[in-house]
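These notes concern the structure reproduced below.
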Amino acid sequence: LRHDQALLDELADLDVQQLRMKADTDYLDLLPPLKLSGFKALSTARQRNLLQYLIRPVTIYPLPDERVREWLRQENAVTGTTQARLEHENLLLTLHDGRMHFLAAHREINAPGRQITWRTDTPLVLPELGLELSLCESGTRIIPDLENLAFSPGDPLCVHWRQGGERVRMPGEGFSRPLKKILQERRVAPWLRRSMPLVSCDGHVIWSAVLGDFSPSLVDASGRIYSFELITRKVN
């Protein structure tokens, strides 16, 4: 039996190498996403074997076969634009934009209107998302943008979540656009749209956990530019 399981694991590992895709962002992903069309091309037995192989290291108890079969039935009925979900312990398996995503089920939050005043001389821990947000220096250069924001490390910034109606200016663009439209253009998954933290200064949204820096930039008296670093933390 051990020999048979080793052969099945080897087959599953080969399938993973073929189907694995790069995640747009990884703070909600327990595992790298898989290419849905490639997964659909596998036999049902290989699909089931692959799912059990992937789930095993990130769960305590095996996923019952009947739930795997139900998930496969749902998955085969959709195109990848429809949500088919399977939740097991801390794992949420779902589909988006032609990918299978293995998400940390309890790291998604939807908190419109929530705001945190962050003193930037120390990192900000966001335990719901398993994240730590830090201020970092991104370089020194001459900035022609007269709208840059005067800043000193330790100054407070506002960390918040989308309420709707936010406008942002992408680097290199001379005008602002609705954040909602940019997220749609970039095909950002709905769970990331709901849960991504934003950073604002003086009413300007200057950074998001998914899209990175917006204009204007934070610049100190010496011309140093500041940005943000997001670190994934282990959540108990």
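Each chain of the structure tokens is named A, B, ... in the order shown, its residues numbered from 1; ligands are numbered from 1 in display order.
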Pick out the residues sitting within 7 Å of Arg99 in chain A, and hand them over as a VMD selection string; count only C-alpha atoms, and ignore anything fewer than 3 positions along from it in its own chain. chain A and resid 33 to 36 80 95 to 96
Selected residue of minimal separation from Pro216 in chain A among A:Arg169, A:Lys180, A:Arg187, A:Arg56, counting only C-alpha atoms: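 Selected residue with least distance to Pro216 in chain A: A:Arg169.
Between Leu72 in chain A and the candidates A:Lys40, A:Glu89, A:Leu103, A:Asp202, the tightest atom-to-atom separation, counting only C-alpha atoms, involves A:Lys40.
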Would you pick out the contacts of Trp207 in chain A at 9 Å or less, using only C-alpha atoms, so that residues sharing its chain but fewer than 5 positions from it are not included, and give the list as number ranges by chain? A: 197-200, 212-215, 227-228
Between CA of Arg162 in chain A and CA of Ile116 in chain A, distance in Å (one decimal): 12.9 Å
With only C-alpha atoms as the basis for distance, which of A:Met196, A:Glu75, A:Gln18, A:Leu8 is at the shortest distance from Glu128 in chain A?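 The closest residue to Glu128 in chain A is A:Met196.
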With distances taken over only C-alpha atoms, which residue among A:Cys201, A:Gln74, A:Arg85, A:Thr232 lies nearest Ala150 in chain A?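 Among A:Cys201, A:Gln74, A:Arg85, A:Thr232, it is A:Cys201 that comes nearest to Ala150 in chain A.
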Running DSSP on the backbone, which parts of range 40-117 of chain A land in alpha helix (DSSP H), as an MDAnalysis selection string? chainID A and resid 40:41 44:55 65:76
Rounded to one decimal place, report the CA of Leu230 in chain A-CA of Val58 in chain A distance in Å.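 Computing the Euclidean distance for CA of Leu230 in chain A and CA of Val58 in chain A yields 22.3 Å.
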Spatial neighbours of Thr117 in chain A, max dist 7 Å, only C-alpha atoms, sep filter under 2 positions, as a ChimeraX atom specification: /A:115,119,156-159
Write the residues you've just listed into a file as a CSV table (one decimal), in the first residue's frame, and include N, CA and C atoms for each of them.
```csv
chain,number,residue,atom,x,y,z
A,115,GLN,N,-11.4,51.6,9.9
A,115,GLN,CA,-10.2,52.4,9.7
A,115,GLN,C,-9.2,52.2,10.9
A,119,ARG,N,0.7,54.4,13.4
A,119,ARG,CA,2.0,55.1,13.6
A,119,ARG,C,3.1,54.4,12.9
A,156,PRO,N,1.5,59.5,11.3
A,156,PRO,CA,0.4,58.5,11.2
A,156,PRO,C,-0.2,58.5,9.8
A,157,LEU,N,-0.6,57.3,9.4
A,157,LEU,CA,-1.3,57.1,8.1
A,157,LEU,C,-2.6,56.3,8.5
A,158,CYS,N,-3.5,56.3,7.5
A,158,CYS,CA,-4.8,55.7,7.7
A,158,CYS,C,-4.8,54.4,6.9
A,159,VAL,N,-5.0,53.2,7.6
A,159,VAL,CA,-5.2,51.9,6.9
A,159,VAL,C,-6.7,51.6,7.0
```
Using DSSP assignments from the backbone, pull out every residue in range 33-138 of chain A that falls under strand (DSSP E) and give it to me as number ranges by chain. A: 33-35, 86-88, 91-96, 99-104, 115-119, 124-126, 131-138
CA of Asp4 in chain A and CA of Arg67 in chain A are how many Å apart? 22.9 Å
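By only C-alpha atoms, and with residues fewer than 4 positions from Leu31 in chain A along its chain excluded, the set lying at most 12 Å from it is A:Val16, A:Arg20, A:Met21, A:Lys22, A:Ala23, A:Thr25, A:Asp26, A:Tyr27, A:Leu51, A:Tyr53, A:Leu54, A:Ile55, A:Arg56, A:Pro57, A:Val58, A:Thr59, A:Leu91, A:Leu92, A:Leu93, A:Met100, A:His101, A:Phe102, A:Leu103, A:Ala104.
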